[in-house]
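Data first, discussion second: the structure below is written as structure tokens.
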Amino acid sequence: MGATPPEEIAKQHLAAVSLIESHMPCSPRINHGAVPLYWKTKPTCPHLNVETCDKDPDTASVEVSGVAHDSNDANPNSPPWKYPEWCISSLGQVDVTSINQDDAKPANVTSKSIKSTPKQFSPTNLWDEDNASRNNVRITRPSHDAWGIKKIMLVFCDDFLNTIYTLPWYQTGGLNNKTSTKSVTIGEKMHKAIQPILDVLQIQQSQMVRCLLAALPPGVTIPVHHDTGEWVKYTHRVHVPIIVPDPTKVLFRCGPTEQSMERVDCSPGHVFEMNNQAKHAVTNGGEDFRVHLILDYVEPSFFEMREAQNCPVQRVNLAPGEIITQTRRSIDRALEAGSRDQPSFLILGAQKAGTTSLYEYMTQHPWVVKAKRRETHCLDWRWNDALKSTEDRRAHCLEFYHAKAMRPYPSLRTGDSTPSYLLDYYRVIPRLKECFAHGPQLIILVRDPIKRAASHYAMVTSSDGSPEQMKARGMEWREKSFQEVLEQDIKNMKEDGLLPYWDMESKTVNSEIFDTFINSREEDEAWERYVRTRVPLNTGSYSPLARGMYALQCRQWFRSFSKDKFLVMKLEDMSSREKGVQWVVNKTMEHLGVPQFEVPDVDKKNAREYVDPLEEKEELKGWLKRFFAPHNERFGKMIVEELGYDRDDWTDLWI
Ligand SMILES: Nc1ncnc2c1ncn2[C@@H]1O[C@H](COP(=O)(O)OS(=O)(=O)O)[C@@H](OP(=O)(O)O)[C@H]1O
């Protein structure tokens, strides 16, 4: 909920009170069934004008669970194009007296108990925050707390629905509270009281991801807002009024726009679902607290989807009094502090293959925290040779991340993107193994090696950037043409014995020699010779061709870490119509085991305007193509055979 200015809230409160006084009618109870989740994937109508929303036959498609639904699809199950004309569905009526009647007292939910602010700790009053802190778990909700809303939390989840926490007062079996006189726990009573609601909804307990009793103080208005976050897209929000001393004094409204919000009948026991991504507001104009049971549930397919995304939903029973640490989007158990070693991931390269973009996209996820600098280089030129013990070296490397501050939040990840690591394997791999023995996830992006080289040349010879950046890029290529720097690299590789199959005169590959030479010991030795002698530590102006020989670079990495550590993708996927940035980021989140999210900013990063150095250079283009063709083929084959990736995606690369 965004922060609405106090004057605006006061204004809305007055308007709401006058609607209550004018006896604004409740809309009729109509059972539309569950709110379709595709109505929740897009924010509420942006124009605050229901006319526009309803009449615009928007051709845009909406996406649920990764499946695009086209508005023109003839399938009757396809969502309609227009914004929903209803946001409330009355699902039934249940008897809620077993939650609030004194004789059953499962939660001791009486208005009196909420209102009383006990001077002493009250073990029988579940609204008593002190009691909740000791015998349940106190989960703060900054917006609720600001409104003075009291609550009894039963089931909760983080904003990404990664973990569902069952709180002690909803656990069954075993004694989980000190108020239980017979052997029936609060949890068992709560289950019994809530089951009829689940029966109306026709859902299983296991589908419930949040459940709480919320008491809204008298005279309070929660202003018009709509809920946001990934969880909203996958959940059905259900309200059941439990204690409403005078329903005519409560104004609960919901609708596609602020102007079109309809009033909901808040008589006790009315089970209704609301689209919480639509606009809604509530005013308690009565003189007593108003208690609702608020429940969010997911559809069974949600759990399957998360399994498929390598991010299965976790279920945790919290212990009484357990400490929870929260950030805006994450929830962690204090007892798990420090359980995640950082960094969680490293983008290894390749240089000029979209590494900056990927890093920026990833770190828009609320659980992925940027390192202190994007390219830490802590394993290459910022490595400190003076440090002799592993402990000191690790501590030095960790200085480049916010690892210490992240200790209480093991659900968060951090990492960096240092694209020189891919080529500089012989220095980086042993250091990585020594300092980050827990094994970060490794990400490699590749790009058409000819375009990669052109982008590399454009960067090194460009005159934009700070003096520090210019120095880091190196000055060596400034006086040289693209062709000259490429020829120099070929010459270096030839001298090091790496290209016995390349004829310098005809500029062609002898495929027979290529086939016998690749993957031989001689090739390994020649490659090592080249990387050790031709790859300087702190300048960008080297290896314009070698950096595009992906198989040779990846081979060293694949030999050193288990294959499941790697995610390899193409820059071209980011701009392809079928895949695109969101696809690339989804894959990356899957690799990290982090719930997927919609990337807000998908703009290209680190893009540069430059004249293509291959423009009108047909001969140069020709030999570059001949040079890279067998390397690309070799690389694609390796990715298919060693990582098991889809052959169709990795055959005929960059032809
Ligand atoms: N989303 C998307 N789609 C297509 N292309 C993209 C995208 N994001 C980045 N890019 C291009 O990637 C190039 C920059 O790569 P890096 O960030 O890895 O460069 S660096 O090594 O960090 O300097 C740079 O290429 P050039 O513009 O040719 O230089 C970017 O334009």
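All residue names refer to the structure tokens as shown: chains lettered A, B, ... in order, residues numbered from 1 in each chain, ligands numbered from 1 in order.
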Every residue of stretch 343-392 of chain A that DSSP places in strand (DSSP E), as a PyMOL selection string: chain A and resi 345-349+368-370
Please dump the current selection as a CSV table (one decimal), in the first residue's frame; keep N, CA and C atoms.
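This went into again.csv:
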```
chain,number,residue,atom,x,y,z
A,345,PHE,N,25.9,-16.0,-6.9
A,345,PHE,CA,26.1,-16.2,-8.3
A,345,PHE,C,27.2,-15.3,-8.9
A,346,LEU,N,27.8,-15.7,-10.0
A,346,LEU,CA,28.8,-14.9,-10.7
A,346,LEU,C,28.5,-15.0,-12.2
A,347,ILE,N,28.4,-13.8,-12.8
A,347,ILE,CA,28.3,-13.8,-14.3
A,347,ILE,C,29.7,-13.7,-14.7
A,348,LEU,N,30.1,-14.7,-15.5
A,348,LEU,CA,31.6,-14.9,-15.9
A,348,LEU,C,31.9,-14.2,-17.2
A,349,GLY,N,31.0,-13.9,-18.0
A,349,GLY,CA,31.2,-13.3,-19.3
A,349,GLY,C,30.1,-13.8,-20.2
A,368,VAL,N,17.5,-10.0,-4.9
A,368,VAL,CA,18.8,-10.1,-5.5
A,368,VAL,C,19.5,-8.7,-5.3
A,369,VAL,N,20.5,-8.7,-4.4
A,369,VAL,CA,21.1,-7.5,-4.0
A,369,VAL,C,22.4,-7.3,-4.8
A,370,LYS,N,22.6,-6.0,-5.2
A,370,LYS,CA,23.8,-5.7,-6.0
A,370,LYS,C,25.0,-5.8,-5.1
```
Shell around A:Gly219 at 9 Å using only C-alpha atoms, local window under 4 positions removed, as a list in words: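 Answer for this query is His13, Thr283, Asn284, Gly285, Gly286, Glu287 and Asp288 of chain A.
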Any chance you could export the current selection's C-alpha atoms as a PDB file, in the first residue's frame?
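Output (result_23.pdb):
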```
ATOM      1  CA  HIS A  13     -12.750   9.407   5.681  1.00  0.00           C
ATOM      2  CA  THR A 283     -14.069   2.679   6.677  1.00  0.00           C
ATOM      3  CA  ASN A 284     -15.163   1.524  10.079  1.00  0.00           C
ATOM      4  CA  GLY A 285     -17.740   4.141  10.995  1.00  0.00           C
ATOM      5  CA  GLY A 286     -18.974   2.150  13.992  1.00  0.00           C
ATOM      6  CA  GLU A 287     -17.982   2.447  17.618  1.00  0.00           C
ATOM      7  CA  ASP A 288     -16.355  -0.892  17.957  1.00  0.00           C
TER       8      ASP A 288
END
```
Show me a table, sorted first by chain and then by increasing residue number, of the residues of chain A having an atom at most 6 Å from ligand 1, each with its shortest atom pair and the distance in Å to one decimal, counting only C-alpha atoms and all ligand atoms and written as a Markdown table.
```
| residue | atom | partner | partner_atom_place_in_ligand_line | distance |
| --- | --- | --- | --- | --- |
| A:Gln351 | CA | ligand 1 | 21 (O) | 3.5 |
| A:Lys352 | CA | ligand 1 | 15 (O) | 3.3 |
| A:Ala353 | CA | ligand 1 | 18 (O) | 4.2 |
| A:Gly354 | CA | ligand 1 | 12 (O) | 3.6 |
| A:Thr355 | CA | ligand 1 | 18 (O) | 3.6 |
| A:Thr356 | CA | ligand 1 | 17 (O) | 3.6 |
| A:Ser357 | CA | ligand 1 | 8 (N) | 4.8 |
| A:Pro419 | CA | ligand 1 | 21 (O) | 5.7 |
| A:Ser455 | CA | ligand 1 | 29 (O) | 4.1 |
| A:Met574 | CA | ligand 1 | 1 (N) | 4.9 |
| A:Ser575 | CA | ligand 1 | 3 (N) | 4.6 |
| A:Lys604 | CA | ligand 1 | 8 (N) | 3.9 |
| A:Lys605 | CA | ligand 1 | 9 (C) | 5.0 |
| A:Asn606 | CA | ligand 1 | 14 (C) | 5.0 |
| A:Ala607 | CA | ligand 1 | 31 (O) | 3.4 |
| A:Arg608 | CA | ligand 1 | 27 (O) | 4.2 |
```
One-decimal distance in Å that lies between atom CA of A:Lys279 and atom CA of A:Thr257: 5.8 Å
What are the closest atom pairs, with distances in Å to one decimal, for all residues of stretch 502-540 of chain A lying within 12 Å of stretch 378-402 of chain A? Consider only C-alpha atoms, order rows by chain and residue number, and present the result as CSV.
```
residue,atom,partner,partner_atom,distance
A:Val535,CA,A:Asp380,CA,11.3
A:Pro536,CA,A:Trp381,CA,9.5
A:Leu537,CA,A:Trp381,CA,5.8
A:Asn538,CA,A:Trp381,CA,6.4
A:Thr539,CA,A:Trp381,CA,9.9
```
Env of A:Trp86: 9 Å cut, atoms = only C-alpha atoms, seq-sep filter 3 positions within chain, self excluded. Answer as a PDB file with C-alpha atoms, in the first residue's frame.
```
ATOM      1  CA  HIS A  32     -19.574 -15.162 -10.011  1.00  0.00           C
ATOM      2  CA  VAL A  35     -12.038 -14.153  -9.636  1.00  0.00           C
ATOM      3  CA  TYR A  83     -11.374  -5.178 -17.716  1.00  0.00           C
ATOM      4  CA  SER A  89     -17.969 -12.444  -5.871  1.00  0.00           C
ATOM      5  CA  GLY A 255     -14.082  -1.789  -8.031  1.00  0.00           C
ATOM      6  CA  PRO A 256     -11.979  -1.341 -11.162  1.00  0.00           C
ATOM      7  CA  ASN A 275      -9.982  -8.635  -6.672  1.00  0.00           C
TER       8      ASN A 275
END
```
Non-local contacts of stretch 143-151 of chain A (10 Å; only C-alpha atoms; under 2 positions in same chain excluded) as a ChimeraX atom specification: /A:1-3,114-115,126-129,132,138-141,153-154,212-218,220-222,289-293
Take the residues just selected and output them with C-alpha atoms as a tab-separated table (two decimals), in the first residue's frame.
```tsv
chain	number	residue	atom	x	y	z
A	1	MET	CA	0.00	0.00	0.00
A	2	GLY	CA	1.50	3.33	-1.01
A	3	ALA	CA	1.69	6.14	1.50
A	114	ILE	CA	-9.45	-6.61	21.30
A	115	LYS	CA	-10.24	-3.30	22.91
A	126	LEU	CA	-4.92	-13.87	21.45
A	127	TRP	CA	-5.12	-10.20	20.52
A	128	ASP	CA	-2.58	-9.39	23.19
A	129	GLU	CA	0.63	-8.65	21.29
A	132	ALA	CA	1.37	-13.43	20.43
A	138	ARG	CA	4.83	-11.76	15.80
A	139	ILE	CA	4.90	-10.76	12.14
A	140	THR	CA	4.83	-7.06	11.58
A	141	ARG	CA	2.94	-5.52	8.68
A	153	MET	CA	-1.87	-14.44	12.45
A	154	LEU	CA	-2.44	-18.06	11.51
A	212	LEU	CA	-5.39	-14.01	9.69
A	213	LEU	CA	-8.03	-12.35	11.78
A	214	ALA	CA	-7.81	-8.59	11.43
A	215	ALA	CA	-9.53	-6.10	13.70
A	216	LEU	CA	-10.06	-2.63	12.29
A	217	PRO	CA	-10.40	0.04	14.96
A	218	PRO	CA	-13.47	2.28	15.05
A	220	VAL	CA	-10.47	4.39	10.85
A	221	THR	CA	-10.39	4.64	7.08
A	222	ILE	CA	-8.00	2.62	4.98
A	289	PHE	CA	-13.63	-2.97	16.36
A	290	ARG	CA	-14.62	-4.82	13.20
A	291	VAL	CA	-13.07	-8.27	12.71
A	292	HIS	CA	-12.63	-9.99	9.37
A	293	LEU	CA	-11.01	-13.29	8.59
```
Find the spatial neighbours of A:Leu198, counting only C-alpha atoms, within a cut-off of 12 Å - ignore same-chain residues fewer than 6 positions away - and output them as a short mmCIF file (atom, residue, chain, number, x, y, z; two decimals) with N, CA and C atoms, in the first residue's frame.
```
data_model
loop_
_atom_site.label_atom_id
_atom_site.label_comp_id
_atom_site.auth_asym_id
_atom_site.auth_seq_id
_atom_site.Cartn_x
_atom_site.Cartn_y
_atom_site.Cartn_z
N LEU A 91 -19.52 -15.70 -2.33
CA LEU A 91 -19.38 -17.14 -2.52
C LEU A 91 -20.27 -17.97 -1.60
N GLY A 92 -20.80 -17.36 -0.57
CA GLY A 92 -21.69 -18.11 0.31
C GLY A 92 -21.79 -17.48 1.68
N GLN A 93 -22.47 -18.19 2.54
CA GLN A 93 -22.70 -17.70 3.90
C GLN A 93 -22.32 -18.84 4.84
N VAL A 94 -21.53 -18.53 5.86
CA VAL A 94 -21.18 -19.57 6.85
C VAL A 94 -21.51 -19.07 8.24
N HIS A 191 -8.77 -24.59 13.09
CA HIS A 191 -9.02 -25.43 11.92
C HIS A 191 -10.50 -25.76 11.80
N LYS A 192 -11.07 -26.16 12.95
CA LYS A 192 -12.48 -26.56 12.94
C LYS A 192 -13.36 -25.37 12.54
N GLN A 204 -8.57 -26.91 -0.50
CA GLN A 204 -7.90 -27.69 0.55
C GLN A 204 -7.14 -26.74 1.47
N GLN A 205 -6.92 -27.20 2.69
CA GLN A 205 -6.09 -26.44 3.63
C GLN A 205 -4.75 -26.06 2.98
N SER A 206 -4.19 -27.01 2.22
CA SER A 206 -2.84 -26.81 1.68
C SER A 206 -2.79 -25.66 0.66
N GLN A 207 -3.96 -25.25 0.17
CA GLN A 207 -3.96 -24.14 -0.82
C GLN A 207 -3.90 -22.77 -0.14
N MET A 208 -4.13 -22.78 1.16
CA MET A 208 -4.20 -21.50 1.88
C MET A 208 -2.77 -20.99 2.11
N CYS A 211 -3.58 -16.48 6.19
CA CYS A 211 -4.86 -16.48 6.89
C CYS A 211 -4.66 -15.73 8.21
N VAL A 238 -9.91 -13.69 -0.06
CA VAL A 238 -11.25 -13.94 0.47
C VAL A 238 -11.39 -13.21 1.81
N HIS A 239 -12.54 -12.58 2.00
CA HIS A 239 -12.85 -11.95 3.28
C HIS A 239 -14.07 -12.64 3.88
N VAL A 240 -14.07 -12.81 5.18
CA VAL A 240 -15.27 -13.27 5.87
C VAL A 240 -15.45 -12.39 7.10
N VAL A 271 -19.14 -14.91 2.94
CA VAL A 271 -17.84 -15.26 2.36
C VAL A 271 -17.76 -14.63 0.98
N PHE A 272 -16.83 -13.70 0.80
CA PHE A 272 -16.71 -13.09 -0.54
C PHE A 272 -15.26 -12.99 -0.98
N LEU A 293 -12.00 -12.27 8.87
CA LEU A 293 -11.01 -13.29 8.59
C LEU A 293 -10.56 -13.02 7.15
N LEU A 295 -8.22 -14.31 4.04
CA LEU A 295 -7.58 -15.56 3.62
C LEU A 295 -7.14 -15.43 2.16
N ASP A 296 -5.94 -15.86 1.87
CA ASP A 296 -5.48 -15.90 0.48
C ASP A 296 -5.18 -17.35 0.13
N TYR A 297 -5.65 -17.76 -1.02
CA TYR A 297 -5.31 -19.13 -1.43
C TYR A 297 -4.85 -19.16 -2.88
#
```
